Amino acid sequence: MTDLHRLSIRELSEGLKQAQFSSRELTEHYLKRIAHIDPKVKSYVTVTAEQALAEADAADAVLKSGNAHALAGIPLAHKDIFCTQGIKTTAGSKMLDNFISPYDATVVAKAKAVGLVTLGKVNMDEFAMGSTSENSYFGATSNPWALDRVPGGSSGGSAAAVAADLAPIATGTDTGGSIRQPASFCGLTGLKPTYGRVSRFGMIAYASSLDQGGPMARSAADCAYLMNVIAGHDSKDSTSVNKDVDDYVAKLNGTAVKGLRIGIPKQYFNVAGLDADVKARVEESLKKLEEMGATLVEIDLNMTEAYVPTYYLIAPAEASSNLSRYDGVRYGYRCDNPKDILDLYKRSRSEGFGAEVQRRILIGTYALSAGYYDAYYVKAQKVRRLIQQDFLKAFENVDVIAAPSAPTTAYKIGANLSPTEMYLGDIYTLAVNLAGLPAINAPVGFDKDSLPVGLQLIGNYWSESQLLSIVHQYQQNTDWHTKRAAIAEENA
C-alpha cells in the first residue's frame, strides 16, 4: 500500500474495481504524501482533505455497486483557474484570494460526475500569465527534479504535483504553452487540445480566443483517460464545438507509426536560443520514431519569427478586456477606505494585480486604444491568419509536426529573466494557440544537469487521438515517462 502513487491510471482503476484497495485508502495515501512532501514543492494552494475523503467514500459506494466509471475513486488536482463550488478559486492572484466560487466549471463538474476525487487546487502564474509559476501571489512552486528550478508555467502547480506524485493526474490550461512547457520542464505528458474541444465555462479567462483546458499526467494513456471525461460540447461555452468525441483510451493504438509522416520545420531547429542538449534529445526521439517506421520530412514554417510579437499583442489585448471586470465592486479584492469610485478602481487594481498582469493589461490597453488599434491589434489578427495558413499548408504533406516544447530546460528560481527573454522562451508553443491546433508534450530524456527535456508533436485540427496514440506507442518503446524525481521516491 506504500506504492499506490506508482500505479498508472489503468492500474488504479483495476485495483479499485477489484477491491485491492479503496478510494478512501488511495485518497488518504495521497493526502499523506501532500502533507509530507508538498511543503518542499509548494504545488498546492488549497488542499481539500475533508471534501476529498467524502468524495472517496461516495466513490467507494458506487464501486461496490459494480456500475462505476473507469475513473471513479481516483484522485486528481485542479489548476486553481477552474471554478470550484464552495472552494477558494484564486487564479494565483491577490485579486481573488477571497473568492469562493458559487458554481463548478464544466471540467470540474464532469470530473465530479464520474467520481474523480478532488485533492485540491494547485498553484499557477497569476491569471495564467507567465512561464515559471513565480508570478503567483502565493509564492513560487519548485520543480520536483531540482527544487531550485521552476516547474514551468502557467500550469506549474499541476506539473509539479504530478511529477512529485502528489496527484496521479491534473487539469491544466494552455493559452500559449502553459500545459506543454511545464510538462516538458517536469518530465510529464501534457496535451493541449484543439480550441473548442474542452469547455472553457468556469475557467477564469486570460485570452478567450487562445485559452484551452487539458490533461497533465505521466503518460499518454493516463492523459487519454482524463480526456475521455473532459472533452465534448458544452452549451454554456459559445466557443465549444459540437463535434463527436473519440474514445481516446480505446484508440491508444489506433494510429500506425509505420508510414507516419513527421514534419521537421528547419526554422525551429535553427532558433538562436535552442539549447544543445534539448536539440540532441529531441533529435534522438525523432530517430526512435523513425526506427518505429515513421518518415521524417523537412518542411518550412515561414512565419516563425512572427509568433512572439503576434501573440504578445493579441493575448494582452484580450487580457485587458477580460480583466476589466476586476474593479473592486462586485467580487474579489477591494482596497481599504477608497475616497471615491475612481480611487476604488485604481487602488483595487494596482494593489490586487501583480507586476506581470499589470504589464500585460497595459500592453493590451495600448494596443486596443484609438489610433493604435488598426496599427497593432488588427495587423496582429491578420498575421495570425497567415500563421494558421502556414500550418495548414504544411499539413498537406505531413501528418504531424515535431518541435522542442521549449528551447531550454527549467530555469533557476529567481533567474530574473527580462520579460523579453521570458516571452522568447515560448517560441515553440505560441503558434499552436494562435492557430487553435492540438499539440502534446512527451518526455524524451534529460540534459547534462539531469533536467527533463520534452518533444512537442503538433497535429491538425481534432487529431487528439492521433497525438495520444503516437506518444503512447513511443512510450511503449521507451521508458522516459517512467522516470521519477528523487523527491517522488520519498515515502510519506
# chains A, B, ... in the order shown; residues from 1 in each chain; ligands from 1

$ select_by_dssp --residues "range 374-442 of chain A" --states "strand (DSSP E or B)" --output "PDB file with N, CA and C atoms, in the first residue's frame"
ATOM      1  N   VAL A 400       1.908  14.981 -38.750  1.00  0.00           N
ATOM      2  CA  VAL A 400       2.158  15.768 -37.535  1.00  0.00           C
ATOM      3  C   VAL A 400       3.445  16.566 -37.734  1.00  0.00           C
ATOM      4  N   ILE A 401       3.629  17.560 -36.889  1.00  0.00           N
ATOM      5  CA  ILE A 401       4.846  18.388 -36.942  1.00  0.00           C
ATOM      6  C   ILE A 401       5.573  18.242 -35.608  1.00  0.00           C
ATOM      7  N   ALA A 402       6.880  18.043 -35.656  1.00  0.00           N
ATOM      8  CA  ALA A 402       7.681  17.850 -34.440  1.00  0.00           C
ATOM      9  C   ALA A 402       8.495  19.095 -34.141  1.00  0.00           C
ATOM     10  N   ALA A 403       8.652  19.368 -32.840  1.00  0.00           N
ATOM     11  CA  ALA A 403       9.446  20.516 -32.390  1.00  0.00           C
ATOM     12  C   ALA A 403       9.849  20.280 -30.946  1.00  0.00           C
ATOM     13  N   PRO A 404      10.839  21.000 -30.441  1.00  0.00           N
ATOM     14  CA  PRO A 404      11.015  21.022 -28.993  1.00  0.00           C
ATOM     15  C   PRO A 404       9.781  21.691 -28.366  1.00  0.00           C
ATOM     16  N   LYS A 412      16.414  28.511 -13.346  1.00  0.00           N
ATOM     17  CA  LYS A 412      16.599  28.645 -11.893  1.00  0.00           C
ATOM     18  C   LYS A 412      15.507  29.573 -11.339  1.00  0.00           C
ATOM     19  N   ALA A 439      -1.732  19.966 -29.611  1.00  0.00           N
ATOM     20  CA  ALA A 439      -0.310  19.602 -29.517  1.00  0.00           C
ATOM     21  C   ALA A 439      -0.074  18.888 -28.196  1.00  0.00           C
ATOM     22  N   ILE A 440       0.968  18.069 -28.170  1.00  0.00           N
ATOM     23  CA  ILE A 440       1.256  17.270 -26.974  1.00  0.00           C
ATOM     24  C   ILE A 440       2.748  17.331 -26.658  1.00  0.00           C
ATOM     25  N   ASN A 441       3.072  17.316 -25.380  1.00  0.00           N
ATOM     26  CA  ASN A 441       4.470  17.175 -24.948  1.00  0.00           C
ATOM     27  C   ASN A 441       4.698  15.761 -24.455  1.00  0.00           C
ATOM     28  N   ALA A 442       5.841  15.193 -24.835  1.00  0.00           N
ATOM     29  CA  ALA A 442       6.252  13.884 -24.318  1.00  0.00           C
ATOM     30  C   ALA A 442       7.671  13.998 -23.782  1.00  0.00           C
TER      31      ALA A 442
END

$ residues_around --residues "Glu134 in chain A" --least-positions-apart "5" --cutoff "8 Å" --atoms "only C-alpha atoms" --output "list in words"
Met124, Asp125, Gly139, Ala140, Thr141, Val150 and Ile413 of chain A

$ residues_around --residues "Leu226 in chain A" --least-positions-apart "6" --cutoff "10 Å" --atoms "only C-alpha atoms" --output "PyMOL selection string"
chain A and resi 9+71+76+111+116+169-171+214-217+248-249

$ closest_atom_pairs --of "range 316-423 of chain A" --to "range 458-471 of chain A" --cutoff "12 Å" --atoms "only C-alpha atoms" --output "CSV"
residue,atom,partner,partner_atom,distance
A:Gln388,CA,A:Asn460,CA,10.6
A:Gln389,CA,A:Asn460,CA,11.7
A:Asp390,CA,A:Asn460,CA,12.0
A:Phe391,CA,A:Asn460,CA,8.3
A:Leu392,CA,A:Asn460,CA,7.7
A:Lys393,CA,A:Asn460,CA,10.7
A:Ala394,CA,A:Asn460,CA,9.7
A:Phe395,CA,A:Asn460,CA,6.8
A:Glu396,CA,A:Asn460,CA,9.9
A:Asn397,CA,A:Asn460,CA,11.6
A:Val398,CA,A:Gly459,CA,9.5
A:Asp399,CA,A:Gly459,CA,7.0
A:Val400,CA,A:Gly459,CA,4.8
A:Ile401,CA,A:Ile458,CA,5.0
A:Ala402,CA,A:Ile458,CA,6.4
A:Ala403,CA,A:Ile458,CA,8.0
A:Pro404,CA,A:Ile458,CA,10.5
A:Ser405,CA,A:Ile458,CA,10.1

$ closest_residue --among "A:Thr194, A:Ile37, A:Val257, A:Gly213" --to "Ile179 in chain A" --atoms "only C-alpha atoms"
A:Gly213

$ closest_residue --among "A:Asp340, A:Gly177, A:Asp97, A:Gly130" --to "Ser418 in chain A" --atoms "only C-alpha atoms"
A:Gly130

$ select_by_dssp --residues "range 388-480 of chain A" --states "alpha helix (DSSP H)" --output "JSON, numbers by chain"
{"A": [388, 389, 390, 391, 392, 393, 394, 419, 420, 421, 422, 423, 424, 430, 431, 432, 433, 434, 435, 464, 465, 466, 467, 468, 469, 470, 471, 472, 473, 474, 475, 476]}

$ write_last_selection --atoms "N, CA, C and O atoms" --output "compact mmCIF listing (two decimals), in the first residue's frame"
# COMPACT_ATOMS: atom_id res chain seq x y z
N GLN A 388 -1.81 30.51 -39.27
CA GLN A 388 -2.70 29.35 -39.42
C GLN A 388 -2.54 28.73 -40.81
O GLN A 388 -2.42 27.50 -40.96
N GLN A 389 -2.52 29.57 -41.84
CA GLN A 389 -2.39 29.06 -43.21
C GLN A 389 -1.05 28.37 -43.44
O GLN A 389 -0.97 27.38 -44.18
N ASP A 390 -0.01 28.86 -42.79
CA ASP A 390 1.32 28.26 -42.85
C ASP A 390 1.26 26.80 -42.37
O ASP A 390 1.81 25.89 -42.99
N PHE A 391 0.56 26.59 -41.25
CA PHE A 391 0.41 25.23 -40.71
C PHE A 391 -0.44 24.36 -41.62
O PHE A 391 -0.09 23.21 -41.90
N LEU A 392 -1.56 24.91 -42.09
CA LEU A 392 -2.45 24.11 -42.94
C LEU A 392 -1.76 23.67 -44.23
O LEU A 392 -1.97 22.54 -44.70
N LYS A 393 -0.91 24.54 -44.76
CA LYS A 393 -0.13 24.18 -45.96
C LYS A 393 0.81 23.02 -45.64
O LYS A 393 0.95 22.07 -46.40
N ALA A 394 1.46 23.11 -44.46
CA ALA A 394 2.38 22.04 -44.06
C ALA A 394 1.65 20.70 -43.90
O ALA A 394 2.17 19.65 -44.28
N PRO A 419 11.32 40.40 -19.27
CA PRO A 419 10.09 39.96 -19.94
C PRO A 419 10.35 39.48 -21.36
O PRO A 419 9.79 38.47 -21.79
N THR A 420 11.23 40.16 -22.09
CA THR A 420 11.52 39.75 -23.48
C THR A 420 12.14 38.37 -23.53
O THR A 420 11.74 37.52 -24.34
N GLU A 421 13.10 38.09 -22.65
CA GLU A 421 13.73 36.75 -22.61
C GLU A 421 12.69 35.69 -22.28
O GLU A 421 12.68 34.61 -22.87
N MET A 422 11.81 36.01 -21.32
CA MET A 422 10.77 35.06 -20.92
C MET A 422 9.82 34.79 -22.08
O MET A 422 9.46 33.65 -22.37
N TYR A 423 9.42 35.85 -22.78
CA TYR A 423 8.47 35.69 -23.89
C TYR A 423 9.10 34.89 -25.03
O TYR A 423 8.43 34.07 -25.66
N LEU A 424 10.39 35.10 -25.30
CA LEU A 424 11.06 34.35 -26.37
C LEU A 424 11.17 32.86 -26.05
O LEU A 424 11.29 32.04 -26.94
N LEU A 430 3.61 29.04 -28.84
CA LEU A 430 2.60 30.09 -29.06
C LEU A 430 1.76 29.87 -30.31
O LEU A 430 0.55 30.10 -30.30
N ALA A 431 2.41 29.46 -31.41
CA ALA A 431 1.70 29.39 -32.69
C ALA A 431 0.55 28.39 -32.66
O ALA A 431 -0.46 28.57 -33.34
N VAL A 432 0.70 27.34 -31.87
CA VAL A 432 -0.35 26.32 -31.76
C VAL A 432 -1.64 26.95 -31.24
O VAL A 432 -2.73 26.66 -31.73
N ASN A 433 -1.51 27.85 -30.25
CA ASN A 433 -2.70 28.53 -29.72
C ASN A 433 -3.24 29.56 -30.70
O ASN A 433 -4.46 29.69 -30.86
N LEU A 434 -2.34 30.28 -31.39
CA LEU A 434 -2.79 31.26 -32.38
C LEU A 434 -3.59 30.58 -33.49
O LEU A 434 -4.57 31.13 -33.99
N ALA A 435 -3.19 29.37 -33.86
CA ALA A 435 -3.87 28.63 -34.93
C ALA A 435 -5.00 27.75 -34.41
O ALA A 435 -5.79 27.23 -35.19
N GLU A 464 -6.49 14.82 -31.64
CA GLU A 464 -6.01 14.44 -30.29
C GLU A 464 -5.75 12.95 -30.18
O GLU A 464 -4.75 12.53 -29.58
N SER A 465 -6.64 12.14 -30.74
CA SER A 465 -6.45 10.67 -30.69
C SER A 465 -5.14 10.27 -31.33
O SER A 465 -4.41 9.42 -30.81
N GLN A 466 -4.86 10.87 -32.48
CA GLN A 466 -3.62 10.56 -33.20
C GLN A 466 -2.40 10.92 -32.36
O GLN A 466 -1.46 10.13 -32.24
N LEU A 467 -2.41 12.12 -31.76
CA LEU A 467 -1.27 12.56 -30.96
C LEU A 467 -1.06 11.65 -29.75
O LEU A 467 0.07 11.25 -29.45
N LEU A 468 -2.15 11.34 -29.06
CA LEU A 468 -2.05 10.45 -27.89
C LEU A 468 -1.55 9.07 -28.29
O LEU A 468 -0.73 8.47 -27.60
N SER A 469 -2.03 8.60 -29.44
CA SER A 469 -1.63 7.27 -29.91
C SER A 469 -0.14 7.22 -30.28
O SER A 469 0.57 6.27 -29.92
N ILE A 470 0.36 8.25 -30.97
CA ILE A 470 1.77 8.28 -31.35
C ILE A 470 2.65 8.28 -30.10
O ILE A 470 3.61 7.51 -29.98
N VAL A 471 2.30 9.16 -29.15
CA VAL A 471 3.11 9.24 -27.92
C VAL A 471 2.99 7.96 -27.11
O VAL A 471 3.98 7.48 -26.54
N HIS A 472 1.79 7.38 -27.06
CA HIS A 472 1.61 6.12 -26.33
C HIS A 472 2.52 5.03 -26.90
O HIS A 472 3.21 4.32 -26.14
N GLN A 473 2.58 4.93 -28.22
CA GLN A 473 3.43 3.89 -28.83
C GLN A 473 4.91 4.20 -28.62
O GLN A 473 5.71 3.29 -28.39
N TYR A 474 5.26 5.47 -28.67
CA TYR A 474 6.64 5.87 -28.35
C TYR A 474 6.97 5.45 -26.91
O TYR A 474 8.05 4.93 -26.62
N GLN A 475 6.00 5.64 -26.01
CA GLN A 475 6.22 5.30 -24.60
C GLN A 475 6.22 3.79 -24.35
O GLN A 475 6.79 3.33 -23.36
N GLN A 476 5.65 3.03 -25.27
CA GLN A 476 5.75 1.56 -25.18
C GLN A 476 7.17 1.10 -25.53
O GLN A 476 7.57 0.00 -25.17

$ atom_distance --atom1 "CA of Asp148 in chain A" --atom2 "CA of Phe269 in chain A"
28.2 Å

$ atom_distance --atom1 "CA of Thr27 in chain A" --atom2 "CA of Pro182 in chain A"
24.7 Å

$ closest_residue --among "A:Val278, A:Thr84, A:Lys339, A:Ser348" --to "Arg325 in chain A" --atoms "only C-alpha atoms"
A:Ser348

$ atom_distance --atom1 "CA of Phe99 in chain A" --atom2 "CA of Tyr331 in chain A"
7.1 Å

$ residues_around --residues "Ala160 in chain A" --least-positions-apart "2" --cutoff "7 Å" --atoms "only C-alpha atoms" --output "ChimeraX atom specification"
/A:43,143-144,151,156-158,162-164,186

$ closest_residue --among "A:Ser101, A:Thr408, A:Ser23, A:Ser321" --to "Val62 in chain A" --atoms "only C-alpha atoms"
A:Ser23

$ closest_residue --among "A:Ile363, A:Cys335, A:Leu191, A:Ala485" --to "Gln456 in chain A" --atoms "only C-alpha atoms"
A:Leu191

$ closest_residue --among "A:Ser240, A:Ser450, A:Thr409, A:Asn123" --to "Leu274 in chain A" --atoms "only C-alpha atoms"
A:Thr409

$ residues_around --residues "Gly115 in chain A" --least-positions-apart "4" --cutoff "9 Å" --atoms "only C-alpha atoms" --output "list in words"
Glu55, Ala56, Ala58, Ala59, Val62, Ala68, His69, Leu71, Ala72, Gly73, Ile74, Lys110 and Ala111 of chain A

$ residues_around --residues "Tyr373 in chain A" --least-positions-apart "4" --cutoff "12 Å" --atoms "only C-alpha atoms" --output "list in words"
Leu313, Ile314, Ala317, Ile363, Gly364, Thr365, Tyr366, Ala367, Leu368, Ser369, Tyr377, Val378, Lys379, Ala380 and Gln381 of chain A

$ write_last_selection --atoms "N, CA and C atoms" --output "mmCIF file, in the first residue's frame"
data_model
loop_
_atom_site.group_PDB
_atom_site.id
_atom_site.type_symbol
_atom_site.label_atom_id
_atom_site.label_comp_id
_atom_site.auth_asym_id
_atom_site.auth_seq_id
_atom_site.Cartn_x
_atom_site.Cartn_y
_atom_site.Cartn_z
ATOM 1 N N LEU A 313 0.691 40.661 -28.727
ATOM 2 C CA LEU A 313 -0.271 41.741 -28.968
ATOM 3 C C LEU A 313 -1.696 41.236 -28.719
ATOM 4 N N ILE A 314 -2.004 40.051 -29.256
ATOM 5 C CA ILE A 314 -3.379 39.540 -29.160
ATOM 6 C C ILE A 314 -3.728 39.131 -27.730
ATOM 7 N N ALA A 317 -4.182 42.070 -25.335
ATOM 8 C CA ALA A 317 -5.389 42.823 -25.710
ATOM 9 C C ALA A 317 -6.630 42.140 -25.128
ATOM 10 N N ILE A 363 -0.068 46.746 -21.918
ATOM 11 C CA ILE A 363 0.255 46.495 -23.335
ATOM 12 C C ILE A 363 -1.036 46.330 -24.131
ATOM 13 N N GLY A 364 -1.965 45.532 -23.588
ATOM 14 C CA GLY A 364 -3.215 45.259 -24.290
ATOM 15 C C GLY A 364 -4.085 46.480 -24.445
ATOM 16 N N THR A 365 -4.155 47.289 -23.384
ATOM 17 C CA THR A 365 -4.964 48.509 -23.443
ATOM 18 C C THR A 365 -4.391 49.470 -24.488
ATOM 19 N N TYR A 366 -3.073 49.545 -24.533
ATOM 20 C CA TYR A 366 -2.402 50.392 -25.529
ATOM 21 C C TYR A 366 -2.735 49.900 -26.944
ATOM 22 N N ALA A 367 -2.628 48.578 -27.156
ATOM 23 C CA ALA A 367 -2.871 48.021 -28.495
ATOM 24 C C ALA A 367 -4.313 48.208 -28.951
ATOM 25 N N LEU A 368 -5.231 48.311 -27.996
ATOM 26 C CA LEU A 368 -6.650 48.475 -28.341
ATOM 27 C C LEU A 368 -7.086 49.934 -28.394
ATOM 28 N N SER A 369 -6.201 50.860 -28.043
ATOM 29 C CA SER A 369 -6.615 52.258 -27.921
ATOM 30 C C SER A 369 -6.743 52.922 -29.297
ATOM 31 N N TYR A 377 -3.382 45.824 -33.195
ATOM 32 C CA TYR A 377 -4.277 44.695 -32.952
ATOM 33 C C TYR A 377 -4.810 44.088 -34.249
ATOM 34 N N VAL A 378 -5.323 44.916 -35.131
ATOM 35 C CA VAL A 378 -5.884 44.404 -36.393
ATOM 36 C C VAL A 378 -4.793 43.738 -37.226
ATOM 37 N N LYS A 379 -3.608 44.354 -37.258
ATOM 38 C CA LYS A 379 -2.491 43.767 -38.012
ATOM 39 C C LYS A 379 -2.104 42.404 -37.427
ATOM 40 N N ALA A 380 -2.076 42.311 -36.100
ATOM 41 C CA ALA A 380 -1.728 41.036 -35.444
ATOM 42 C C ALA A 380 -2.741 39.949 -35.806
ATOM 43 N N GLN A 381 -4.027 40.320 -35.893
ATOM 44 C CA GLN A 381 -5.048 39.333 -36.263
ATOM 45 C C GLN A 381 -4.861 38.859 -37.708
#

$ residues_around --residues "Lys243 in chain A" --least-positions-apart "3" --cutoff "9 Å" --atoms "only C-alpha atoms" --output "number ranges by chain"
A: 197, 232-233

$ write_last_selection --atoms "C-alpha atoms" --output "mmCIF file, in the first residue's frame"
data_model
loop_
_atom_site.group_PDB
_atom_site.id
_atom_site.type_symbol
_atom_site.label_atom_id
_atom_site.label_comp_id
_atom_site.auth_asym_id
_atom_site.auth_seq_id
_atom_site.Cartn_x
_atom_site.Cartn_y
_atom_site.Cartn_z
ATOM 1 C CA ARG A 197 -12.648 20.644 -27.683
ATOM 2 C CA GLY A 232 -17.004 17.405 -25.517
ATOM 3 C CA HIS A 233 -19.526 20.087 -26.393
#
